[in-house]
Amino acid sequence: MSSNDSNPGFDRRTLLAALAATPALPGIVLPISTPAQAAEGSDPLPSWNDGAAKKAILDFVRVTTDPASKDFVPLAERIAEFDQDGTLWVEHPIYTQVTYCLEHVPDLVKAKPELKDREPFKAVLSGNGEALAQLSLRDIFEIVLATQSGMDVEAFREDVRHWLAEAKHPRWHRPYTDLIYQPMTEVLNFFRANGYRNFIATGGSGGFVSEYSEKVYGIPPQQVAGTEQAIKFGYDKDKKPILTQEPKLVLDNMGAGKIQNFWLIYGCRPNAAFGNSSSDDQQMLEYVKAGGGARLSVAVLHDDAVREYAYGPAQGLPNTAVGTFSQEMYDMAKEQGWIVVSMKDDWKRIFAFQ
């Protein structure tokens, strides 16, 4: 990834400090605790506290994989769909891919100086936390499209790989790939061990997530679907064929798009779905739960400001524009029989390093 040293007013430290100071994203940093003890017996979910959420997951896998069960699902049909941001790893203070794109704004402005005094690029260059917190979804999309456009698709993945090796979260000062929820890693492994194929449906770009999905989650790139830009066929200066990302969307994988595109790509309704956001995951969770037979829809509620973050506004938690979990979705979950996971109450630990 190219350096930002040429722009003295903006660097990674400035950006991370601004993001860490954003007032709408509460959380308290505590010292890292002693690692949890190894699971006793054959408990496949050792980082989960015993309770309704853990039991529902265990029971679902048991009845769908037992040939004697009326809810048995043949091996070839076992599908589980997972949102990524806020469900499999941390999404605050701002989505990881957005941070990646924000860091590329100085290089973009250097190449296109006319953007220097134009919003939202001006706000990013300022490094002002309050200005960054006011960025709308439209602003974020403009930044993502602008910073990733014109890049060879293979060069983009290589750049993502280098960035992930260097970048660290502003709160824990660890690589983003360390901030995977250990309880969800256990769910992925448990489903996989019982013949389920795990898929990721992300609002981020598939090209970004698939760069690390297999290494981090055990999910191959072909089982990752995300929001995608148009790709143009062309030739480089040496007349070699290349594919280049264009500044327009061809696949919107947010909201209802997650389940619409899942059907479009894979042609089936998942048996289980895990998400956390009313703005991005609600329709996916609704559609999965509405299927016949045993179905599992799980919504992760971030209610632990000590070990991670607390945001909603469901159940009186602080409101947020990142990963909103509305009271309406909370009520829907209760009415339709989804499982609502409380990070505070249901998880013994959140990260593997705790």
# chains A, B, ... in the order shown; residues from 1 in each chain; ligands from 1

call {"tool": "residues_around", "arguments": {"residues": "A:Asn253", "least_positions_apart": "6", "cutoff": "7 Å", "atoms": "only C-alpha atoms", "output": "mmCIF file with N, CA, C and O atoms, in the first residue's frame"}}
result
data_model
loop_
_atom_site.group_PDB
_atom_site.id
_atom_site.type_symbol
_atom_site.label_atom_id
_atom_site.label_comp_id
_atom_site.auth_asym_id
_atom_site.auth_seq_id
_atom_site.Cartn_x
_atom_site.Cartn_y
_atom_site.Cartn_z
ATOM 1 N N THR A 202 -22.043 -9.984 2.868
ATOM 2 C CA THR A 202 -21.533 -8.758 3.458
ATOM 3 C C THR A 202 -21.939 -7.533 2.663
ATOM 4 O O THR A 202 -22.072 -7.601 1.435
ATOM 5 N N GLY A 203 -22.129 -6.426 3.370
ATOM 6 C CA GLY A 203 -22.377 -5.163 2.689
ATOM 7 C C GLY A 203 -21.110 -4.598 2.093
ATOM 8 O O GLY A 203 -21.153 -3.723 1.223
ATOM 9 N N GLY A 226 -20.748 -9.990 -1.806
ATOM 10 C CA GLY A 226 -20.769 -8.648 -1.244
ATOM 11 C C GLY A 226 -21.263 -7.630 -2.247
ATOM 12 O O GLY A 226 -21.657 -7.960 -3.367
ATOM 13 N N THR A 227 -21.258 -6.381 -1.834
ATOM 14 C CA THR A 227 -21.590 -5.276 -2.732
ATOM 15 C C THR A 227 -20.457 -5.130 -3.736
ATOM 16 O O THR A 227 -19.286 -5.104 -3.346
ATOM 17 N N ASN A 261 -29.702 -11.350 -3.430
ATOM 18 C CA ASN A 261 -28.509 -11.741 -4.166
ATOM 19 C C ASN A 261 -28.064 -13.153 -3.811
ATOM 20 O O ASN A 261 -27.491 -13.861 -4.644
#

call {"tool": "select_by_dssp", "arguments": {"residues": "stretch 5-233 of chain A", "states": "alpha helix (DSSP H)", "output": "ChimeraX atom specification"}}
result
/A:12-20,52-65,96-103,105-111,121-126,129-133,137-148,153-166,182-193,206-209,213-217

call {"tool": "closest_residue", "arguments": {"among": "A:Ala352, A:Met332, A:Ile259, A:Val341", "to": "A:Asn49", "atoms": "only C-alpha atoms"}}
result
A:Val341

call {"tool": "closest_residue", "arguments": {"among": "A:Val340, A:Ala201, A:Val322, A:Val209", "to": "A:Ala256", "atoms": "only C-alpha atoms"}}
result
A:Ala201

call {"tool": "select_by_dssp", "arguments": {"residues": "stretch 76-275 of chain A", "states": "strand (DSSP E or B)", "output": "count of residues only"}}
result
41

call {"tool": "closest_residue", "arguments": {"among": "A:Phe72, A:Thr99, A:Gln182, A:Thr244", "to": "A:Lys168", "atoms": "only C-alpha atoms"}}
result
A:Thr99

call {"tool": "residues_around", "arguments": {"residues": "stretch 52-64 of chain A", "least_positions_apart": "2", "cutoff": "9 Å", "atoms": "only C-alpha atoms", "output": "PyMOL selection string"}}
result
chain A and resi 44-45+48-50+66-74+78+187+190-191+194+272+293-296+298+339-342+346

call {"tool": "closest_residue", "arguments": {"among": "A:Val153, A:Met343, A:Ala123, A:Val224", "to": "A:Val306", "atoms": "only C-alpha atoms"}}
result
A:Met343

call {"tool": "closest_residue", "arguments": {"among": "A:Leu285, A:Ile180, A:Ser297, A:Ser278", "to": "A:Glu328", "atoms": "only C-alpha atoms"}}
result
A:Ser278

call {"tool": "closest_residue", "arguments": {"among": "A:His104, A:Lys110, A:Lys344, A:Lys248", "to": "A:Val160", "atoms": "only C-alpha atoms"}}
result
A:His104

call {"tool": "atom_distance", "arguments": {"atom1": "atom CA of A:Met329", "atom2": "atom CA of A:Leu251"}}
result
24.7 Å

call {"tool": "residues_around", "arguments": {"residues": "A:Glu91", "least_positions_apart": "5", "cutoff": "9 Å", "atoms": "only C-alpha atoms", "output": "number ranges by chain"}}
result
A: 84-86, 96, 322-323

call {"tool": "write_last_selection", "arguments": {"atoms": "C-alpha atoms", "output": "PDB file, in the first residue's frame"}}
result
ATOM      1  CA  GLN A  84     -19.707 -10.264   8.586  1.00  0.00           C
ATOM      2  CA  ASP A  85     -19.417  -6.780  10.132  1.00  0.00           C
ATOM      3  CA  GLY A  86     -20.784  -6.850  13.669  1.00  0.00           C
ATOM      4  CA  THR A  96     -13.022  -1.964   8.478  1.00  0.00           C
ATOM      5  CA  VAL A 322     -22.973   1.796  12.284  1.00  0.00           C
ATOM      6  CA  GLY A 323     -24.678  -1.567  12.780  1.00  0.00           C
TER       7      GLY A 323
END
